[in-house]
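Heads up, the thing below is written out as C-alpha cells.
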Amino acid sequence: MITIIGYGKMAKAIACGLNGKFELEIAGRDEYKIQDFIKENSLKNTSISHIESQFNVKDKIIIMAIKPYALESFKYKDKAHSVFSLMAGISIAQLKNVIDSTSYCRVMPNIASLLGAGVSAIYAQDEESKKLAKEIFDTLGMSVFVDKEVLINSAGALSGSGPAYLGIIAEALIDAGVREGLSLDTSKQLVKGLFNGFSKLLAIKDPNEIKLDTTSPGGTTAEAIQILEARAIRGILMDAVHSANIKANNML
C-alpha cells in the first residue's frame with residue numbers, strides 16, 4: 001500500500017496515475033475533503049487516514065504531496081519504510097528532522113503524471129530506494145534519476161514546472177493563429193496537433209534536427225526563427241528555469 005499525504009493538484013496527479021495499480025491510502029487533516037477527493041477522482045482500493053496532530057507511519061511507503069510550508073504540520077510516529085518527498089526546496093536532511101524512515105527519496109514529477117505521461121526527476125540515496133522509486137514512478141510515465149541531491153531542484157525547475165512554460169507557448173501560438181485570421185477553434189486544433197506530433201518527433205530526433213528539417217533557406221520558417229532569436233527566446237526560457245531553481249533553493 002502507498003500512502004499519499006495531501007489532496008492538492010499534485011496529489012491528484014499522483015493518485016490518478018497510480019489508481020488501480022497500487023492499493024492507496026490518502027491522508028490529511030480534513031476527512032471530508034479526502035472523501036470528496038476519492039469520489040471526484042474515482043479512486044479504487046483507496047482508504048482514508050484522518051490526521052489530527054499525529055500520524056503513525058510504521059512500515060508505510062509515504063508520498064509527501066504537500067506544500068513545503070506544511071512540512072511540520074503533523075507529528076509522525078514510528079518509522080516509515082520509505083519516504084518520497086515531492087516538496088520543492090526541502091532537503092533530505094530537513095525531512096529526517098521531521099519524519100523517521102528507513103529510506104528517503106526526493107521526487108519532482110509533473111502534472112502529466114495524471115495521464116501516465118509524466119516525467120519524474122528522482123534522487124535516491126541507494127539502489128534499493130532507486131528500485132522502489134522506479135517501480136512506483138515509472139507507472140506515472142518516465143523516471144529520470146539525478147546523482148546529486150542538489151540537482152533535484154534544477155530538474156524540478158525544468159520538467160516539474162515545464163508544463164506551465166509550454167502552456168504559455170501554446171497560448172501564444174493559438175493567439176498568433178487568431179491574429180493571422182484563423183478561428184479560435186481551428187487555431188487550438190492546429191496547436192494541439194502540433195504539440196502531439198512534436199512530442200513524437202522529439203522521442204526520435206534531436207531538437208536542432210527537427211528545426212533544420214522544418215526550415216528552408218530564405219523561407220517562411222527561417223523568417224520566423226530570425227524573430228525568435230532576435231527577441232532572445234532561448235535566453236528568456238533559460239532565465240525562467242534558472243529563476244525557478246533559485247526559488248526552490250531558497251524555499252525555507
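Note on naming: chains are A, B, ... as they come in the C-alpha cells, residues start from 1 per chain, ligands start from 1 in the order shown.
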For this session: For Thr214 of chain A, please output as number ranges by chain all residues within 12 Å (counting only C-alpha atoms; exclusion window: fewer than 5 positions along the same chain).
Result: A: 198, 201, 207-209, 219-222, 224-225
Dump of N, CA and C atoms for the selected residues, as a compact mmCIF listing (two decimals), in the first residue's frame:
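Output file part_12.txt is given in full below:
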```
# COMPACT_ATOMS: atom_id res chain seq x y z
N PHE A 198 4.99 16.92 -32.33
CA PHE A 198 6.35 17.30 -31.92
C PHE A 198 6.89 16.38 -30.84
N LEU A 201 8.16 13.34 -32.51
CA LEU A 201 9.42 13.62 -33.20
C LEU A 201 10.58 13.73 -32.22
N PRO A 207 16.42 18.13 -31.09
CA PRO A 207 15.65 19.35 -31.39
C PRO A 207 16.19 20.15 -32.57
N ASN A 208 17.51 20.25 -32.65
CA ASN A 208 18.10 21.01 -33.76
C ASN A 208 17.81 20.35 -35.10
N GLU A 209 17.79 19.02 -35.12
CA GLU A 209 17.47 18.29 -36.35
C GLU A 209 16.04 18.58 -36.79
N GLY A 219 13.20 30.79 -46.38
CA GLY A 219 11.77 30.51 -46.34
C GLY A 219 11.04 31.15 -45.17
N THR A 220 9.78 30.80 -45.03
CA THR A 220 8.93 31.40 -44.00
C THR A 220 9.37 31.01 -42.59
N THR A 221 9.77 29.75 -42.41
CA THR A 221 10.21 29.31 -41.08
C THR A 221 11.50 30.02 -40.68
N ALA A 222 12.41 30.20 -41.65
CA ALA A 222 13.66 30.91 -41.37
C ALA A 222 13.37 32.34 -40.93
N ALA A 224 10.64 33.38 -39.39
CA ALA A 224 10.08 33.32 -38.04
C ALA A 224 11.17 33.07 -37.00
N ILE A 225 12.10 32.17 -37.31
CA ILE A 225 13.18 31.85 -36.37
C ILE A 225 14.05 33.07 -36.12
```
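Excluding Phe74 of chain A and any residue on its chain fewer than 4 positions from it, the residues at most 12 Å away by only C-alpha atoms are Ile5, Gly6, Ala27, Gly28, Arg29, His50, Ile51, Glu52, Ser53, Gln54, Phe55, Asn56, Val57, Met64, Ile66, Tyr69, Ala70, Val98 and Ile99 of chain A.
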Select from segment 1-250 of chain A everything DSSP, run on the backbone, classes as alpha helix (DSSP H), then give the selection as a tab-separated table (two decimals) with C-alpha atoms, in the first residue's frame.
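Writing the result to part_18.tsv gives the following:
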```
chain	number	residue	atom	x	y	z
A	9	LYS	CA	-3.24	19.14	-7.54
A	10	MET	CA	-0.04	17.12	-7.45
A	11	ALA	CA	-1.56	14.59	-5.05
A	12	LYS	CA	-4.39	14.23	-7.58
A	13	ALA	CA	-1.96	13.65	-10.45
A	14	ILE	CA	-0.08	11.00	-8.47
A	15	ALA	CA	-3.19	9.28	-7.11
A	16	CYS	CA	-4.89	9.14	-10.50
A	17	GLY	CA	-1.73	7.86	-12.14
A	18	LEU	CA	-1.38	5.09	-9.55
A	31	GLU	CA	-11.56	13.86	6.30
A	32	TYR	CA	-14.41	15.33	4.23
A	33	LYS	CA	-12.00	16.77	1.65
A	34	ILE	CA	-10.33	13.37	1.39
A	35	GLN	CA	-13.71	11.70	0.84
A	36	ASP	CA	-14.52	14.20	-1.92
A	37	PHE	CA	-11.03	13.75	-3.38
A	38	ILE	CA	-11.51	9.97	-3.62
A	39	LYS	CA	-15.01	10.30	-5.09
A	40	GLU	CA	-14.17	13.02	-7.63
A	92	ILE	CA	16.58	15.04	2.89
A	93	ALA	CA	18.35	16.44	5.95
A	94	GLN	CA	15.25	18.54	6.69
A	95	LEU	CA	12.98	15.54	6.16
A	96	LYS	CA	14.99	13.49	8.65
A	127	GLU	CA	19.99	1.08	-5.06
A	128	GLU	CA	17.10	-0.37	-3.05
A	129	SER	CA	15.40	3.03	-2.87
A	130	LYS	CA	16.08	3.59	-6.55
A	131	LYS	CA	14.44	0.27	-7.42
A	132	LEU	CA	11.28	1.07	-5.44
A	133	ALA	CA	11.14	4.61	-6.82
A	134	LYS	CA	11.36	3.31	-10.37
A	135	GLU	CA	8.61	0.74	-9.72
A	136	ILE	CA	6.26	3.45	-8.47
A	137	PHE	CA	7.06	6.41	-10.70
A	150	VAL	CA	21.35	19.49	-5.32
A	151	LEU	CA	20.27	18.69	-8.89
A	152	ILE	CA	16.72	17.72	-7.94
A	153	ASN	CA	15.68	21.38	-7.69
A	154	SER	CA	17.29	22.02	-11.09
A	155	ALA	CA	15.34	19.13	-12.60
A	162	GLY	CA	7.79	22.72	-17.64
A	163	PRO	CA	4.09	22.18	-18.42
A	164	ALA	CA	3.43	25.79	-17.35
A	165	TYR	CA	6.13	27.09	-19.72
A	166	LEU	CA	4.75	25.03	-22.58
A	167	GLY	CA	1.25	26.18	-21.66
A	168	ILE	CA	2.30	29.80	-22.21
A	169	ILE	CA	3.91	28.89	-25.54
A	170	ALA	CA	0.77	27.02	-26.61
A	171	GLU	CA	-1.42	30.00	-25.66
A	172	ALA	CA	0.84	32.35	-27.62
A	173	LEU	CA	0.72	30.14	-30.72
A	174	ILE	CA	-3.08	29.91	-30.52
A	175	ASP	CA	-3.27	33.71	-30.24
A	176	ALA	CA	-0.87	34.00	-33.19
A	177	GLY	CA	-3.15	31.85	-35.33
A	178	VAL	CA	-6.15	34.02	-34.45
A	179	ARG	CA	-4.14	37.14	-35.26
A	184	LEU	CA	-10.03	30.19	-32.30
A	185	ASP	CA	-11.21	26.58	-32.63
A	186	THR	CA	-9.09	25.96	-35.73
A	187	SER	CA	-6.05	27.53	-34.09
A	188	LYS	CA	-6.49	25.37	-30.98
A	189	GLN	CA	-6.78	22.19	-33.07
A	190	LEU	CA	-3.64	23.04	-35.02
A	191	VAL	CA	-1.61	23.76	-31.89
A	192	LYS	CA	-2.81	20.59	-30.14
A	193	GLY	CA	-1.83	18.57	-33.20
A	194	LEU	CA	1.49	20.41	-33.37
A	195	PHE	CA	2.40	19.55	-29.77
A	196	ASN	CA	1.28	15.95	-30.15
A	197	GLY	CA	3.34	15.43	-33.30
A	198	PHE	CA	6.35	17.30	-31.92
A	199	SER	CA	6.49	15.12	-28.81
A	200	LYS	CA	6.71	12.05	-31.05
A	201	LEU	CA	9.42	13.62	-33.20
A	202	LEU	CA	11.37	14.62	-30.10
A	207	PRO	CA	15.65	19.35	-31.39
A	208	ASN	CA	18.10	21.01	-33.76
A	209	GLU	CA	17.47	18.29	-36.35
A	210	ILE	CA	13.73	18.95	-36.14
A	211	LYS	CA	14.38	22.66	-36.63
A	212	LEU	CA	16.61	22.06	-39.67
A	213	ASP	CA	14.15	19.58	-41.20
A	214	THR	CA	11.43	22.24	-40.99
A	220	THR	CA	8.93	31.40	-44.00
A	221	THR	CA	10.21	29.31	-41.08
A	222	ALA	CA	13.66	30.91	-41.37
A	223	GLU	CA	12.00	34.32	-41.17
A	224	ALA	CA	10.08	33.32	-38.04
A	225	ILE	CA	13.18	31.85	-36.37
A	226	GLN	CA	15.06	35.10	-37.00
A	227	ILE	CA	12.41	36.95	-34.98
A	228	LEU	CA	12.51	34.39	-32.15
A	229	GLU	CA	16.30	34.60	-31.92
A	230	ALA	CA	16.28	38.40	-32.11
A	233	ILE	CA	13.60	33.31	-26.72
A	234	ARG	CA	16.41	30.97	-25.65
A	235	GLY	CA	17.66	33.37	-23.00
A	236	ILE	CA	14.13	34.01	-21.72
A	237	LEU	CA	13.48	30.29	-21.21
A	238	MET	CA	16.90	29.71	-19.65
A	239	ASP	CA	16.38	32.63	-17.25
A	240	ALA	CA	12.92	31.33	-16.33
A	241	VAL	CA	14.27	27.89	-15.40
A	242	HIS	CA	17.17	29.49	-13.53
A	243	SER	CA	14.81	31.70	-11.52
A	244	ALA	CA	12.62	28.71	-10.63
A	245	ASN	CA	15.71	26.84	-9.43
A	246	ILE	CA	16.85	29.76	-7.28
A	247	LYS	CA	13.36	29.98	-5.77
A	248	ALA	CA	13.40	26.26	-4.93
A	249	ASN	CA	16.81	26.58	-3.28
```
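With only C-alpha atoms as the atoms that count, the residue of A:Met1, A:Ala112, A:Ile48, A:Leu71 with the shortest distance to Asp30 of chain A is A:Ile48.
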For this session: Find the spatial neighbours of segment 142-147 of chain A, counting only C-alpha atoms, within a cut-off of 6 Å - ignore same-chain residues fewer than 5 positions away - and output them as an MDAnalysis selection string.
Result: chainID A and resid 119:123
Go ahead and dump the residues you just picked, N, CA and C atoms, as a PDB file, in the first residue's frame.
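In the end it all went to selection25.pdb:
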```
ATOM      1  N   VAL A 119       6.904  12.966 -16.390  1.00  0.00           N
ATOM      2  CA  VAL A 119       8.325  12.675 -16.216  1.00  0.00           C
ATOM      3  C   VAL A 119       8.674  13.062 -14.789  1.00  0.00           C
ATOM      4  N   SER A 120       9.305  12.140 -14.069  1.00  0.00           N
ATOM      5  CA  SER A 120       9.647  12.367 -12.663  1.00  0.00           C
ATOM      6  C   SER A 120      11.157  12.363 -12.500  1.00  0.00           C
ATOM      7  N   ALA A 121      11.698  13.474 -12.029  1.00  0.00           N
ATOM      8  CA  ALA A 121      13.115  13.524 -11.677  1.00  0.00           C
ATOM      9  C   ALA A 121      13.250  12.988 -10.253  1.00  0.00           C
ATOM     10  N   ILE A 122      14.215  12.093 -10.039  1.00  0.00           N
ATOM     11  CA  ILE A 122      14.320  11.399  -8.749  1.00  0.00           C
ATOM     12  C   ILE A 122      15.757  11.396  -8.249  1.00  0.00           C
ATOM     13  N   TYR A 123      15.907  11.693  -6.958  1.00  0.00           N
ATOM     14  CA  TYR A 123      17.189  11.481  -6.284  1.00  0.00           C
ATOM     15  C   TYR A 123      16.981  10.414  -5.224  1.00  0.00           C
TER      16      TYR A 123
END
```
For this session: Mind listing the strand (DSSP E) residues of segment 77-221 of chain A, per DSSP on the backbone, as number ranges by chain?
Result: A: 77, 79-85, 100-108, 118-124, 141-145
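Distances here use only C-alpha atoms; by that measure, the residue among A:Thr102, A:Ser159, A:Gly141, A:Thr46 closest to Leu115 of chain A is A:Gly141.
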Exercise. Quick one, how far is atom CA of Leu24 of chain A from atom CA of Ile4 of chain A?
Worked result: 7.4 Å
For this session: Take atom CA of Met251 of chain A and atom CA of Ala65 of chain A and report the distance between them in Å, one decimal.
Result: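 Those two atoms sit 15.7 Å apart.
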